[in-house]
Each structure stands twice: as structure tokens, then as C-alpha cells.
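S.K.: After the C-alpha cells below, expect a handful of questions from me.
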Amino acid sequence: MAKDELNTFKLVGTRPDRPDGLDKVTGRARYGADFSLPGMLHAAVVRSPHAHAKIVKIDASKALALDGVKAVVTRADLPTGLTGDEWDLQENTLAGEKALYDGHAVAAVAATSKLLAEEAARLIEVEYEVLPHVIHVDDAMAEGAPVIREGAADPTVPEGLHPNVVKYMEFGRGDVEAGFAEADLVMEKSYKTEATHQGYIEPHACVGQMGSDNKGEMWVCTQGQWFIRKMSAAVLGIEASQLRVTPSEIGGGFGGKTTIFMEPLSLALSKKAGGRPVKIVMTRSEVLRATGPTASASMDVKIGMKTDGTITGARAEFRMQGGAFPGAPVDMALYCAFAGYKLENVQHIGYDVLANRPKCAAYRAPGSPMGAFAVESLVDEMCRELKLDPIEVRIKNGVQTGDRASYGPKFGSIGLKEVLEAVKDHPNLQAELGPNQGRGFAVGYWFNHNGETSVSMAIGEDGTAQVSVGTPDIGGSRASVSLMVAETLGIPYEDVRVNVVETGALGVNEPTHGSRATFATGKAAVEATQGAIKEMCRRAAAEWGIDEEAVEWADGAAQPAGPNAGKFPPMTIKEIAAKMGSTGGPISGHHESVPDGVGASFGAHVVDLEVDPETGRVTILRYLVVQDAGRAIHPSYVEGQYQGGAVQGIGWALNEEYVYDDKGRLANSVFLDYRVPVASDLPMIDTVIVEVPNPGHPFGVRGVGETGITPPLPAIANAIHDAVGVRMTHLPINPPKLLAALKAK
Amino acid sequence: MTKVHVQTKINGDAVEFLADPRETLLDCLRDHVGLTGSKEGCGTGDCGACSVELDGTLVCSCLVLGVEANGKTVDTIEGMATGNDLHPLQRKFIEHAALQCGFCTPGILVAAKKLLEVNPDPTEEETRYWLAGNLCRCTGYDKIIRAVMDAAAEMRQEVA
Ligand code: FES
Ligand code: FES
């Protein structure tokens, strides 16, 4: 169905300029590091050069003796007695007894200039006793591996496993062994993916100010100001509501800016320095060593398939390390692994394992890309073996609305089938392939998320609308929320202004994460707008002397609802707003909830690539993203999410990885060595927006941010197999690795 | 360290500042002159977010010392528009949704402006290679390349 046949909206689905565009093309937009205050100090952080080491002594006397050095904080300055996640956050903010990874913060210092703070940091003497370390997940759970933290395991972990295994899960349904027995072909393979970083171009930055009364303020680049507030307050032992957090413009996050790293240090230093504001800006190397990254994974998958392509049984066992703290997204990886398939017999086993690496943070569809790499690679191989069309096999086994998901719940409305049909129709599939060229295909999935949401909106005296939202705008959400509010009110897009506000201005909001901003904030904004509309109808009814129920809202005006209501000319929003002061006061609407009706999103990618047999270098020739958006509110930014996600996935598949030396130190902590895709690596990224509206959202939105990073990992491995006949099971597929595989063929 | 008096012309205005000899031009622009439009994404010359023109040459301002700007002209993103008239590139970036977070945008615009001065009719490949030193993590570059080429086409028409 063409989108235009469905879309009867005036504004939703159009592509106006984004409201913050002018600020962002002129350099005016204020990001994290752009904020300064009078009297501000600058801070630097002392970080462990060891992967695992006991901290014997910290001596800051030389640093403090420097003129202009105002404060030093170490773990001894933070409260004790925290437990669980809060202890983890505190321990990651500043190491306690041990440094747990290369780059782990050990102390912080504030001084009158950045250069002075850096000099002072070099003068802080830390005595370490180096301990054995472990980096890779399989090594970390093997017998004899160094124990990172005794007693960190939760009760799910069975007896007898290494103490580094901190969480264990097992779930599924049916009888997988019976499923495999029914199959004509059973294949089992192991796969590995390496840790990658979100790679936002803006390093973390904040300015924090806190007095001896424990009242504080912070200006920070974050995906979620309330998360920063709650976490910083917990780490410092202060009350959340005494801390006011204002988000700056944000230079990318991809999940990596949903948590705290050095932010509480700015407050702790400020308090020690008599309440002077303290600015902390991370270097790129600090970003790579101590923030993000994602987990690395080691995975076994076994699938049984009949000759007609029917999958009869599937089993996944995933092991992931997410750094020195619990929280690798192994659960999500398992939930997503078989999400596209309708399965009677399926089993999942997962291990969350500690290693001497930075604490992993969410990265776009956390877990899903790894799971997809393993499962979609194996399904592709089996399709080849059985000479079946991989797209038809996905259609045959594909889940549809109402089916039970591999991970348990029943799917609401989903559009996997529509996505797969759209792939089949795309001209890219007809393109001729030459020698050493191949085509790969894979499916990806993300649940999407709702989360705590609070929005308020107010009608201005001139009949325009201002909307206060709590989700920072990373990729055009001001535009999409403006479109939805303007559509609901029946006023021009330009008459709405969406403001991203600080923690004091609204109830709690979860961050811009889980692809939730346009879904959850959008839904709440529409609800809030409906509240204001109701009030405007009430004002019109009062003036007309008719029943409130006899007034309806259409085309930006209150109107009598039907002929029985009486004959009155429409009362426009401008007229109502102009006299609201004398008809009952300000008109506003607000909405607070955890919006229900989340719509999951499936996507499918097709990549054409060429392998250079002499160097092992892979060149992407064509790339197609097809994904169900539910409804594209602003299609350009939906396409942008598809394209950006795909390219991050391409980087993960071909180049990006955390490389450690034999001492457990990160060997590639600059962009020159941690190489993300650049413009000359890529072709245009073709997109098709499929719209199977989500009935749980007033305009049908599903959320589009995350699914797109998932399919590239397997699609590229599948295309390489198609091109040169080798099956790469360990990402990234960089030139040396692929060349070695070609030579071994 | 004793500070050095630096005299420059920034976006057409005479500007003086005191620089610690260790500070980069990017530090000076952002911290001493108050021009925070140029961004630091890496500080090592790898991301292009700090791109400016120094005496007409496109440079990473994180790789230039502030004191080196003495007696030179510096052109930054803040000087790209003429008053309220945006440069065609700036307009096309908004129109094509060529930015998501916008953090790479100032550097990419400055670099792309130079490209179009050097080569008013770049191919897609030439555009991609020219901008290969400017990282964008959000967009996948597709819309950026389209915006640059569209701006180039418009500017060629204006000249013709
Ligand atoms: S900040 Fe200068 S190139 Fe990245
Ligand atoms: S738009 Fe975010 S880095 Fe380019």
C-alpha cells in the first residue's frame, strides 16, 4: 500500500525544516563543552594505567601544593554503604580498593585552568599493586581466571561456575531435541563479536556546581537528565530533588549517554572547592577507555531445518562480558536472537560475565546485533546448504501479528511480512553482480520502549503552543513532536515550539533511549494537547452558553458539534488564547504516564559488496534498508535513523573493535586507530520506509532508532560468503582476517 | 607559562587574545574568544569537527597552536553566513536533514565550503573523499553528500 493512500494527515508525514536547524548550522547550538560560568574551575581525572590493580596509596599532596589547585577527590570522599547498581555506579565513578580496568578513574582534581588541572593530575601519585587480569569472555569464565569481584554473582548462577559469571539465564519452550530430530538438516556453529564503542563525536562534558548545603546544579550533555540526577545523587549520597540538571544539546549518544561517568565528580569537586562551578570535558581517549562501550560476545547457535525451510528447533547459548560490572545485554541478545521466527521448540541460555574492561553501556538495540550476527549467519548458511531463497525462508518462518514471540509474549501488530515483501520488490535485488561480488541479506529486530514520560504544553497568548519535553533531541525529535502537536491542534508547524527542559520543570522522564522519544514523548504530547483542547472547547462552550460536550475541535478552532449544538462561527485558537486571561486563566495540558502500546520494529537489509582477493578489503557497493516505522512522522529523520544505524552496523562488521595489549590496556584509544566508517568508505544508503501503523500510538509510531544497527553484521558476513565462499564467524571482518581466511580456503 | 599576545582577524573582525603557548587554536577560539561553534571531537586531527580556515587554508584547529594564528586570518563556522543570509550549504543541510545531533555539522560545513571553492562541480566520489576526514556518527553520510552536491549545483546556477 502506498503511504499516501493511508495518510490523511496535513502535517504528519511531511518534511519541514527542523526547528533547531538554524542554531545547528551556524555554530550557535550549545553542546556540553560549550557551557561556562563565571568563576568556573576545570577538572582532570587520574585514571588507572593497569587493567587490574590494587590501589595501595593515593598521594595528592604535590598536586594540592600547586597554586591554583582547589580540590582533589578520591573514593574516600564519597559515602559508603551503597549496594547493587548504585554501588556499581559509584565504583565506576571512582575506583575503591582496586582499579578494575585500564582507564578506571582513581582521583579527580579541580584547578583554575584546564592546563593546570592536567598538570596537577600528573602530580597525583598512585601506588598500585598490579593483579592478573582477564579480557575475553571465554577466558574470564574458565577455571583459574583471575576473580574480578568475589560475591558479585546473583542467585541465578548455578553452583560450580566461575565467580566472574554474575548472571545466568535459561528459558524457552517446547522440546528442542525433538525439534532437531524432526529436521532434515541440523547445523551448529560458534560466533564471536568484539566490543565496539558508540562513537558519538561529542565527548562527555558537564559543568557541576554544589554548595555545602548539598544543593546542586549541573549542565551536561546527556540523553536523560533525570537519570543523571538520580545516579549522581545516589553516588554522592544527596537527595535527587536537590539537584537540578539541565541538558545541553547533545552530540550523539546511541545509548552511551544514558548513564553517568565523570558527572558526579564535578559536583564533588565543586563542593570541596567552596561551591565554585567545575567543568569536566573528557578527551577522546578517555571516552574510549572509560565510557561506553558495548559487550563482546561468544555464541553458539544450533538450528534444525526441514528441506522446505521450516525451522523445527533452535538453540542459542550466549556468553557476554560487559566489563568489570554486571550488565552485559545477554538477556536482550537472547530475546532478539530468534524474534523473527515462529518457533515451537526453542531454548536460550545466557551468561553475563565480568572482565577487566570498562563498564558497558547501552549501544543502539543493546544485544540485538550480536544475536542477529550468530542466528542470521547460520540461517543463511543453512539456506545455502538446502538451496533455498533466504528471503522466502524468512517469510515462511516469519512471525506475524498475534504470534507468540520466541522469548515469550504475544506480538501485537508487527510488520515483518510487509518488510520482507518490500525487500523482494526492490530494484537493488536485480542488480548484476561481478566477480568477487556478493549479496547478503539479514533481518533485525528491536522491541522499542515506552518508559516514564511527563510532558506539559501551554497555549501562548497569541494562540501558538509551547511544549515542554524531557527527552533531549538527538536526531530531530523537536521536529517530530512539533508535527504531532501541530497536527492535533490544527495549527501551522511553525506555531509550535518544543523545548527540552531541565529536571525542575517536569516530572520524571526516562532518557531519549529505546527508540522512545517520538513514540512516548510524542504520545504524551498528543495527550497533553488533547487536555488543552478540552479546556479550549470548554471556554468556547461557556461563551456560547452551550454544553461542553456540544463543542468539538477541528481545524484549529472550537466548533459546534453538529447542527443541534447551535449555530456559532468557529472560535479559533487565536481568539480563545487572546482572551484566556479573562475567561479562566492560562490554558495548558499535561500528561504523565508510562505510555502503553509500544510497537516493535522489524527491519531487513540487503548489502552488495566486493572483496579484494589480494588485500581482503571489503567495499560496500549498494546498501538497502527496509524497516517498519509504523508511521514516519518526519520521513527524512526516519531515513536518517535507518542510514545511521546501518553505517554503525557496517563499522561493527568490518572494522571497529576494542584491541587490548598483553597487559590489558586498550591499544586503540584514538579515532585514528579506532576507525569508524568515513564518507569515502560508503555508497548512498537506500531506504524504504514500510508503514504498518502501531495501533498503540495516536499516529501509529513504532520507534525507528535501533533496529537498523542489527542486520548489517550478519548481512555483511552473508554477502562475503556469497562473494568469495568463506564463512566469517568472528567480527570484525577486517582485511587481515579476511585475507587469512581466503588463504586458508 | 607566560601568555603570548596574539593578534588575529577572525571572521573579518580584529581580535586579540592571550594564549598559553601550549593551547591549541581550537582552545583559544572556544575558551578565549568565545567562539564555541568549532567543536572538539578528538583533539588529534582525526574527526574534523574543529575545521577552520587559517589564512584560507583548511586546517584542524586542534592541530594548530593558538600562537600560530598571530598575524593571520581565521574563518570559522560563525562567519559562514552573511548576516542573516545563510550560505547555500547551511540552507541545504537543513533542507536535506543532513544533520541529526549536529555536532559534526560546523566542521563539515567549513570543509565543504572549501571544497566548493576549489571544485565547484565535485562528483559524489570527490565529495566523499574530500570529507573523509570529517567524522559523522549519526547520518551515515548519505544526506550530507546529497546536501553538499545540491548546494554545489545551486551555486553553479547562481554563477551562470
Ligand atoms: S577535534 Fe580536531 S580533528 Fe577532531
Ligand atoms: S550529525 Fe551527529 S555526528 Fe554528524
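Convention: chains lettered A, B, ... in C-alpha cells order; per-chain residue numbering from 1; ligands numbered from 1 as shown.
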For Glu16 in chain B, list every protein, DNA or RNA residue within 10 Å, evaluated using only C-alpha atoms, and leave out those in the same chain fewer than 5 positions away; present the list as a VMD selection string.
M.R.: chain B and resid 5 to 10 32 to 33 70
S.K.: Can you tell me which residues come within 7 Å of ligand 1 when counting only C-alpha atoms and all ligand atoms, ideally as a list in words?
M.R.: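 Selection of residues at most 7 Å from ligand 1: Lys39, Glu40, Gly41, Cys42, Gly43, Thr44, Gly45, Asp46, Cys47, Gly48, Ala49, Cys50, Ser51, Cys60, Ser61, Cys62 and Leu63 of chain B.
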S.K.: Write the residues of the selection above to a file with all heavy atoms, as a CSV table (one decimal), in the first residue's frame.
M.R.:
```
chain,number,residue,atom,x,y,z
B,39,LYS,N,34.1,22.5,17.1
B,39,LYS,CA,34.0,21.5,18.2
B,39,LYS,C,35.2,20.7,18.3
B,39,LYS,O,35.9,20.5,17.4
B,39,LYS,CB,32.8,20.6,17.9
B,39,LYS,CG,31.5,21.3,17.6
B,39,LYS,CD,31.0,22.0,18.9
B,39,LYS,CE,29.7,22.7,18.7
B,39,LYS,NZ,29.5,23.8,19.6
B,40,GLU,N,35.4,20.2,19.5
B,40,GLU,CA,36.5,19.2,19.7
B,40,GLU,C,35.9,17.8,19.8
B,40,GLU,O,35.2,17.5,20.8
B,40,GLU,CB,37.3,19.5,21.0
B,40,GLU,CG,38.4,18.4,21.1
B,40,GLU,CD,39.5,18.8,22.1
B,40,GLU,OE1,39.9,20.0,22.1
B,40,GLU,OE2,40.1,17.9,22.7
B,41,GLY,N,36.1,17.0,18.8
B,41,GLY,CA,35.7,15.6,18.9
B,41,GLY,C,36.8,14.6,19.2
B,41,GLY,O,36.5,13.5,19.7
B,42,CYS,N,38.0,15.0,19.0
B,42,CYS,CA,39.1,14.1,19.2
B,42,CYS,C,40.4,14.8,19.7
B,42,CYS,O,41.1,14.2,20.5
B,42,CYS,CB,39.4,13.3,17.9
B,42,CYS,SG,40.1,14.3,16.6
B,43,GLY,N,40.7,16.0,19.2
B,43,GLY,CA,41.9,16.7,19.7
B,43,GLY,C,43.1,16.1,19.0
B,43,GLY,O,44.3,16.5,19.3
B,44,THR,N,43.0,15.2,18.1
B,44,THR,CA,44.1,14.5,17.4
B,44,THR,C,44.1,14.6,15.9
B,44,THR,O,44.8,13.9,15.2
B,44,THR,CB,44.2,13.0,17.8
B,44,THR,OG1,42.9,12.4,17.6
B,44,THR,CG2,44.6,12.9,19.3
B,45,GLY,N,43.2,15.5,15.4
B,45,GLY,CA,43.2,15.6,13.9
B,45,GLY,C,42.5,14.5,13.2
B,45,GLY,O,42.6,14.4,12.0
B,46,ASP,N,41.7,13.8,13.9
B,46,ASP,CA,41.0,12.6,13.2
B,46,ASP,C,39.5,12.8,12.9
B,46,ASP,O,39.0,12.0,12.2
B,46,ASP,CB,41.2,11.4,14.1
B,46,ASP,CG,42.6,11.0,14.3
B,46,ASP,OD1,43.4,11.0,13.4
B,46,ASP,OD2,43.0,10.7,15.5
B,47,CYS,N,38.9,13.8,13.4
B,47,CYS,CA,37.4,13.9,13.3
B,47,CYS,C,37.0,15.1,12.5
B,47,CYS,O,35.8,15.1,12.0
B,47,CYS,CB,36.7,13.9,14.6
B,47,CYS,SG,36.8,15.4,15.5
B,48,GLY,N,37.8,16.1,12.4
B,48,GLY,CA,37.4,17.3,11.5
B,48,GLY,C,36.3,18.2,12.2
B,48,GLY,O,35.9,19.2,11.5
B,49,ALA,N,35.9,17.9,13.4
B,49,ALA,CA,34.8,18.8,14.0
B,49,ALA,C,35.4,20.2,14.3
B,49,ALA,O,34.6,21.1,14.5
B,49,ALA,CB,34.3,18.1,15.3
B,50,CYS,N,36.7,20.3,14.3
B,50,CYS,CA,37.3,21.6,14.7
B,50,CYS,C,37.7,22.4,13.4
B,50,CYS,O,38.5,23.3,13.5
B,50,CYS,CB,38.5,21.3,15.5
B,50,CYS,SG,39.7,20.4,14.7
B,51,SER,N,37.3,21.9,12.2
B,51,SER,CA,37.8,22.5,11.0
B,51,SER,C,37.6,24.1,10.9
B,51,SER,O,36.5,24.5,11.2
B,51,SER,CB,37.1,21.9,9.8
B,51,SER,OG,37.3,20.5,9.7
B,60,CYS,N,42.7,21.6,10.8
B,60,CYS,CA,42.1,21.1,12.0
B,60,CYS,C,42.6,22.1,13.1
B,60,CYS,O,43.8,22.1,13.3
B,60,CYS,CB,42.5,19.7,12.4
B,60,CYS,SG,41.8,18.5,11.2
B,61,SER,N,41.8,22.8,13.7
B,61,SER,CA,42.3,23.9,14.6
B,61,SER,C,42.8,23.2,15.9
B,61,SER,O,43.5,23.9,16.7
B,61,SER,CB,41.2,24.9,14.9
B,61,SER,OG,40.1,24.3,15.5
B,62,CYS,N,42.5,21.9,16.1
B,62,CYS,CA,43.1,21.2,17.3
B,62,CYS,C,44.6,20.9,17.0
B,62,CYS,O,45.3,20.5,17.9
B,62,CYS,CB,42.3,20.0,17.6
B,62,CYS,SG,42.5,18.6,16.4
B,63,LEU,N,45.0,21.0,15.8
B,63,LEU,CA,46.4,20.7,15.5
B,63,LEU,C,47.3,21.9,15.2
B,63,LEU,O,48.4,21.8,14.8
B,63,LEU,CB,46.5,19.8,14.2
B,63,LEU,CG,45.9,18.4,14.3
B,63,LEU,CD1,46.1,17.6,13.1
B,63,LEU,CD2,46.4,17.6,15.5
```
S.K.: Please determine, counting only C-alpha atoms and all ligand atoms, which residue among A:Val443, A:Val676, A:Ala723, A:Ala505 has the shortest atom-to-atom distance to ligand 2.
M.R.: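 When distances to ligand 2 are compared using only C-alpha atoms and all ligand atoms, the smallest one comes from A:Val676.
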S.K.: Which residues of chain A sit at most 9 Å from ligand 2, using only C-alpha atoms and all ligand atoms? Give each one's shortest atom pair and distance in Å (one decimal place), in chain and ascending residue order, as a Markdown table.
M.R.:
```
| residue | atom | partner | partner_atom_place_in_ligand_line | distance |
| --- | --- | --- | --- | --- |
| A:Gly199 | CA | ligand 2 | 3 (S) | 9.0 |
| A:Tyr200 | CA | ligand 2 | 3 (S) | 6.4 |
| A:Ile201 | CA | ligand 2 | 3 (S) | 5.4 |
| A:Glu202 | CA | ligand 2 | 3 (S) | 7.7 |
| A:Ile250 | CA | ligand 2 | 2 (Fe) | 8.6 |
| A:Gly251 | CA | ligand 2 | 2 (Fe) | 5.6 |
| A:Gly252 | CA | ligand 2 | 2 (Fe) | 5.3 |
| A:Gly253 | CA | ligand 2 | 2 (Fe) | 8.9 |
| A:Ile474 | CA | ligand 2 | 2 (Fe) | 7.9 |
| A:Gly475 | CA | ligand 2 | 1 (S) | 7.7 |
```
S.K.: Write the residues you've just listed into a file as a tab-separated table (two decimals), in the first residue's frame, and include all heavy atoms for each of them.
M.R.:
```tsv
chain	number	residue	atom	x	y	z
A	199	GLY	N	30.73	5.70	19.85
A	199	GLY	CA	31.46	6.58	18.94
A	199	GLY	C	30.82	7.92	18.65
A	199	GLY	O	31.15	8.57	17.64
A	200	TYR	N	29.92	8.38	19.50
A	200	TYR	CA	29.39	9.74	19.35
A	200	TYR	C	30.58	10.70	19.23
A	200	TYR	O	31.59	10.55	19.89
A	200	TYR	CB	28.50	10.14	20.54
A	200	TYR	CG	28.91	9.48	21.84
A	200	TYR	CD1	29.96	9.99	22.59
A	200	TYR	CD2	28.29	8.33	22.29
A	200	TYR	CE1	30.38	9.38	23.75
A	200	TYR	CE2	28.71	7.70	23.46
A	200	TYR	CZ	29.76	8.23	24.19
A	200	TYR	OH	30.18	7.61	25.33
A	201	ILE	N	30.43	11.71	18.37
A	201	ILE	CA	31.57	12.59	18.12
A	201	ILE	C	31.77	13.57	19.28
A	201	ILE	O	32.87	14.06	19.50
A	201	ILE	CB	31.39	13.34	16.77
A	201	ILE	CG1	31.07	12.35	15.64
A	201	ILE	CG2	32.65	14.12	16.41
A	201	ILE	CD1	32.11	11.27	15.39
A	202	GLU	N	30.74	13.83	20.04
A	202	GLU	CA	30.90	14.74	21.18
A	202	GLU	C	31.34	13.97	22.43
A	202	GLU	O	30.59	13.13	22.94
A	202	GLU	CB	29.56	15.43	21.51
A	202	GLU	CG	29.68	16.39	22.69
A	202	GLU	CD	28.33	16.76	23.30
A	202	GLU	OE1	27.40	15.93	23.28
A	202	GLU	OE2	28.21	17.88	23.82
A	250	ILE	N	22.96	17.73	22.47
A	250	ILE	CA	23.76	16.53	22.65
A	250	ILE	C	24.33	16.07	21.32
A	250	ILE	O	23.61	15.94	20.33
A	250	ILE	CB	22.94	15.42	23.35
A	250	ILE	CG1	23.72	14.10	23.38
A	250	ILE	CG2	21.59	15.24	22.71
A	250	ILE	CD1	23.08	13.04	24.25
A	251	GLY	N	25.64	15.84	21.32
A	251	GLY	CA	26.34	15.46	20.10
A	251	GLY	C	26.42	13.96	19.93
A	251	GLY	O	27.49	13.40	19.79
A	252	GLY	N	25.27	13.32	19.92
A	252	GLY	CA	25.21	11.87	19.75
A	252	GLY	C	25.27	11.14	21.07
A	252	GLY	O	25.86	11.63	22.05
A	253	GLY	N	24.62	10.01	21.13
A	253	GLY	CA	24.62	9.22	22.36
A	253	GLY	C	24.55	7.73	22.07
A	253	GLY	O	25.36	6.96	22.55
A	474	ILE	N	18.13	14.30	19.94
A	474	ILE	CA	19.39	13.84	19.35
A	474	ILE	C	19.32	13.78	17.84
A	474	ILE	O	20.33	13.88	17.16
A	474	ILE	CB	19.78	12.44	19.85
A	474	ILE	CG1	19.69	12.37	21.37
A	474	ILE	CG2	21.19	12.08	19.42
A	474	ILE	CD1	20.27	11.12	21.94
A	475	GLY	N	18.13	13.57	17.33
A	475	GLY	CA	18.08	13.36	15.88
A	475	GLY	C	16.82	13.90	15.23
A	475	GLY	O	16.35	13.35	14.24
```
S.K.: As a ChimeraX atom specification, please: every residue in range 322-438 of chain A that DSSP puts in strand (DSSP E).
M.R.: /A:346-353,437-438
S.K.: Measure the distance from CA of Thr583 in chain A to CA of Glu535 in chain A in Å and round it to one decimal.
M.R.: 10.7 Å
S.K.: Kindly give the distance, in Å, that separates CA of Gly566 in chain A and CA of Met536 in chain A, rounded to a single decimal.
M.R.: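 Separation of CA of Gly566 in chain A and CA of Met536 in chain A: 17.5 Å.
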S.K.: Can you work out which one of B:Asp31, B:Glu124, B:Glu78, B:Asp13 has the shortest atom-to-atom distance to Lys143 in chain B, counting only C-alpha atoms?
M.R.: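 Selected residue with least distance to Lys143 in chain B: B:Glu124.
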